[in-house]
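Below is one structure, written out as structure tokens, with a few remarks after it.
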Amino acid sequence: MLLIIADIGGYTRYMTANAKTLAHGQVIITELIHAIVREIALPLEIAKLEGDAVFLFCRKSPDALQWMSMRAEISRSLLTFFYLFQKRLQELSQSNHCTCQACSHIEKLALKIIVHSGEALFHRVLHFEELAGVDVIIVHRLLKNSVPAGQYLLLTESAMRELQFPETVTFKPGSETYEDIGRLTTAYHDFDLQPFTGGAAETKTFGARYTQAWQTFGKLWFGPFSLRGPSFRNLPGQSGRAGKMGFAILTLLLTPIMLPFGAVVSALQAIRMGRS
Ligand SMILES: [Zn+2]
């Protein structure tokens with residue numbers, strides 16, 4: 001079975017220091033995760049969706065020929081995730097009017113994908129099925145690694161044997177050592193060195209730009225209502241409950257005057273997007 005984690009991080013503690021930046025950080029990361037999740041299709045399946053990460057798996061086909069074509073398809077999907085991430089990141093950055101730390105540092109966010117091939121069991125916890133086993137631990141442990149890159153695809157030796165990437169996607173050798181697991185031979189592809197240039201810049205009409213700016217505005221504005229606690233492992237500055245509540249109440253009180261304000265802000269943003 002292939003075990004895959006896609007994980008978004010890059011904000012530091014000071015970038016998410018208060019309730020507003022934390023809420024905006026969560027909204028932005030959620031949008032980016034959704035951009036990937038929307039495109040997940042068989043043979044890839046979602047095992048678990050966390051705040052800033054999604055854990056996927058793929059059952060290996062017992063038919064060797066079928067698996068040959070499947071593995072090329074999976075490799076393509078993984079590369080597509082980076083493209084989708086980059087595309088949505090650009091959209092969010094362009095349509096964003098906000099100057100908070102989380103919004104003005106969107107480009108610090110990076111996607112890492114970790115792939116390991118091994119065995120896993122479905123373990124039933126109450127009504128949920130969870131993947132369990134040593135290899136599940138390994139792929140999670142690999143989230144903390146020594147890869148000298150911000151945005152990368154990291155494969156274990158066993159995953160490297162299973163997947164098949166185009167020749168243009170080059171890998172560098174690496175290794176990781178964990179106290180309880182031992183030494184793992186890995187390989188990684190650095191997306192910082194080869195930035196994604198796929199898809200020429202689209203020219204959008206004013207109407208399309210306005211809609212995009214308005215959607216981003218709305219999502220950020222209502223961000224405090226969607227705060228869901230500790231599932232965001234990569235957001236360091238978790239503000240207190242009182243801070244979150246206070247911010248949510250403030251948001252609610254200001255919502256009536258937000259609509260005309262947001263309409264103006266979105267229009268200005270749409271004009272600005274047209275110039276850039
Ligand atoms: Zn913001």
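Starting from 1 in every chain, residues are counted up; chains themselves are A, B, ... following the order of the structure tokens, and ligands are numbered from 1 as listed.
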Show which residues sit within 8 Å of A:Ala35, as a compact mmCIF listing (two decimals) with N, CA and C atoms, in the first residue's frame. Count only C-alpha atoms, and ignore same-chain residues fewer than 2 positions away.
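result.txt written:
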# COMPACT_ATOMS: atom_id res chain seq x y z
N GLU A 31 -8.20 26.65 2.38
CA GLU A 31 -8.45 26.83 0.95
C GLU A 31 -7.44 26.04 0.12
N LEU A 32 -6.19 26.07 0.54
CA LEU A 32 -5.14 25.38 -0.21
C LEU A 32 -5.29 23.86 -0.12
N ILE A 33 -5.64 23.39 1.07
CA ILE A 33 -5.87 21.94 1.25
C ILE A 33 -7.05 21.50 0.38
N VAL A 37 -7.63 18.50 -2.21
CA VAL A 37 -8.60 17.45 -1.88
C VAL A 37 -9.66 17.28 -2.99
N ARG A 38 -10.08 18.40 -3.57
CA ARG A 38 -11.07 18.35 -4.65
C ARG A 38 -10.63 17.45 -5.81
N GLU A 39 -9.33 17.36 -6.03
CA GLU A 39 -8.82 16.63 -7.18
C GLU A 39 -8.43 15.19 -6.87
N LEU A 84 -1.65 22.60 -8.40
CA LEU A 84 -2.91 23.11 -7.86
C LEU A 84 -2.65 24.02 -6.66
N PHE A 85 -1.71 23.58 -5.83
CA PHE A 85 -1.34 24.37 -4.65
C PHE A 85 -0.82 25.74 -5.07
N ARG A 88 -3.62 28.00 -6.61
CA ARG A 88 -4.55 28.55 -5.62
C ARG A 88 -3.84 29.59 -4.75
A:Ala263 environment, 8 Å, only C-alpha atoms, sequence neighbours closer than 4 positions dropped, as an MDAnalysis selection string:
chainID A and resid 214 259 267
If the limit is 12 Å from any atom of ligand 1, counting only C-alpha atoms and all ligand atoms, which residues qualify? Return them as a PyMOL selection string.
chain A and resi 15-28+92-93+95-106+216-224
Only C-alpha atoms, please: the residues just picked out, written as a PDB file, in the first residue's frame.
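Done, and the output landed in result-v3.pdb:
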ATOM      1  CA  MET A  15       2.935  35.599  11.712  1.00  0.00           C
ATOM      2  CA  THR A  16      -0.014  34.057  13.543  1.00  0.00           C
ATOM      3  CA  ALA A  17       0.370  35.843  16.854  1.00  0.00           C
ATOM      4  CA  ASN A  18      -3.156  37.208  17.272  1.00  0.00           C
ATOM      5  CA  ALA A  19      -6.698  35.967  16.756  1.00  0.00           C
ATOM      6  CA  LYS A  20      -7.161  37.679  13.400  1.00  0.00           C
ATOM      7  CA  THR A  21      -3.938  36.471  11.772  1.00  0.00           C
ATOM      8  CA  LEU A  22      -4.521  33.004  13.175  1.00  0.00           C
ATOM      9  CA  ALA A  23      -8.027  32.910  11.708  1.00  0.00           C
ATOM     10  CA  HIS A  24      -6.778  34.162   8.343  1.00  0.00           C
ATOM     11  CA  GLY A  25      -3.917  31.639   8.416  1.00  0.00           C
ATOM     12  CA  GLN A  26      -6.420  28.840   8.951  1.00  0.00           C
ATOM     13  CA  VAL A  27      -8.720  30.090   6.188  1.00  0.00           C
ATOM     14  CA  ILE A  28      -5.846  30.309   3.709  1.00  0.00           C
ATOM     15  CA  LEU A  92      -5.414  33.886  -2.894  1.00  0.00           C
ATOM     16  CA  SER A  93      -2.455  36.206  -2.855  1.00  0.00           C
ATOM     17  CA  SER A  95      -7.326  38.588  -4.613  1.00  0.00           C
ATOM     18  CA  ASN A  96      -6.380  39.362  -1.026  1.00  0.00           C
ATOM     19  CA  HIS A  97      -6.846  42.903   0.271  1.00  0.00           C
ATOM     20  CA  CYS A  98      -5.799  42.143   3.844  1.00  0.00           C
ATOM     21  CA  THR A  99      -2.476  43.322   5.236  1.00  0.00           C
ATOM     22  CA  CYS A 100      -2.307  41.082   8.315  1.00  0.00           C
ATOM     23  CA  GLN A 101       0.801  38.947   8.865  1.00  0.00           C
ATOM     24  CA  ALA A 102      -0.887  35.767   7.646  1.00  0.00           C
ATOM     25  CA  CYS A 103      -2.236  37.365   4.458  1.00  0.00           C
ATOM     26  CA  SER A 104       0.845  39.380   3.573  1.00  0.00           C
ATOM     27  CA  HIS A 105       3.088  36.321   3.988  1.00  0.00           C
ATOM     28  CA  ILE A 106       1.032  33.891   1.891  1.00  0.00           C
ATOM     29  CA  THR A 216     -11.642  35.868  -0.631  1.00  0.00           C
ATOM     30  CA  PHE A 217     -12.941  38.826   1.378  1.00  0.00           C
ATOM     31  CA  GLY A 218     -15.945  36.833   2.585  1.00  0.00           C
ATOM     32  CA  LYS A 219     -13.905  33.786   3.486  1.00  0.00           C
ATOM     33  CA  LEU A 220     -11.426  35.829   5.498  1.00  0.00           C
ATOM     34  CA  TRP A 221     -14.183  37.829   7.163  1.00  0.00           C
ATOM     35  CA  PHE A 222     -16.071  34.773   8.366  1.00  0.00           C
ATOM     36  CA  GLY A 223     -12.822  32.972   9.212  1.00  0.00           C
ATOM     37  CA  PRO A 224     -13.244  33.304  12.996  1.00  0.00           C
TER      38      PRO A 224
END
Excluding same-chain residues fewer than 3 positions from A:Phe122, what lies within 8 Å of it counting only C-alpha atoms, as a list in words?
Glu129, Glu130, Leu131 and Ala132 of chain A
Show me, as CSV, the residues of stretch 66-140 of chain A having an atom within 9 Å of stretch 178-193 of chain A, each with the closest atom pair and its distance in Å, using only C-alpha atoms.
residue,atom,partner,partner_atom,distance
A:Phe82,CA,A:Phe191,CA,8.4
A:Val134,CA,A:Ile181,CA,8.8
A:Ile138,CA,A:Ile181,CA,7.5
Store the residues picked out above, limited to C-alpha atoms, as a CSV table (one decimal), in the first residue's frame.
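Output file selection.csv follows:
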chain,number,residue,atom,x,y,z
A,82,PHE,CA,2.0,21.0,-6.4
A,134,VAL,CA,4.6,0.7,11.6
A,138,ILE,CA,7.1,6.0,9.5
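Candidate residues A:Arg71, A:Lys204, A:His140, A:Arg124 were compared for distance to A:Phe55, and the nearest is A:His140, using only C-alpha atoms.
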Hey, can you check how far atom CA of A:Ile271 sits from atom CA of A:Arg209?
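Between atom CA of A:Ile271 and atom CA of A:Arg209 the gap is 8.0 Å.
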From the list A:Lys172, A:Arg13, A:His123, A:Arg76, which residue is nearest A:Ile40 when using only C-alpha atoms?
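For A:Ile40, the nearest of the candidates is A:Arg76.
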The residue from A:Ile114, A:Leu44, A:Ala159, A:Leu109 with the smallest atom-to-atom distance to A:Arg141, counting only C-alpha atoms, is A:Ile114
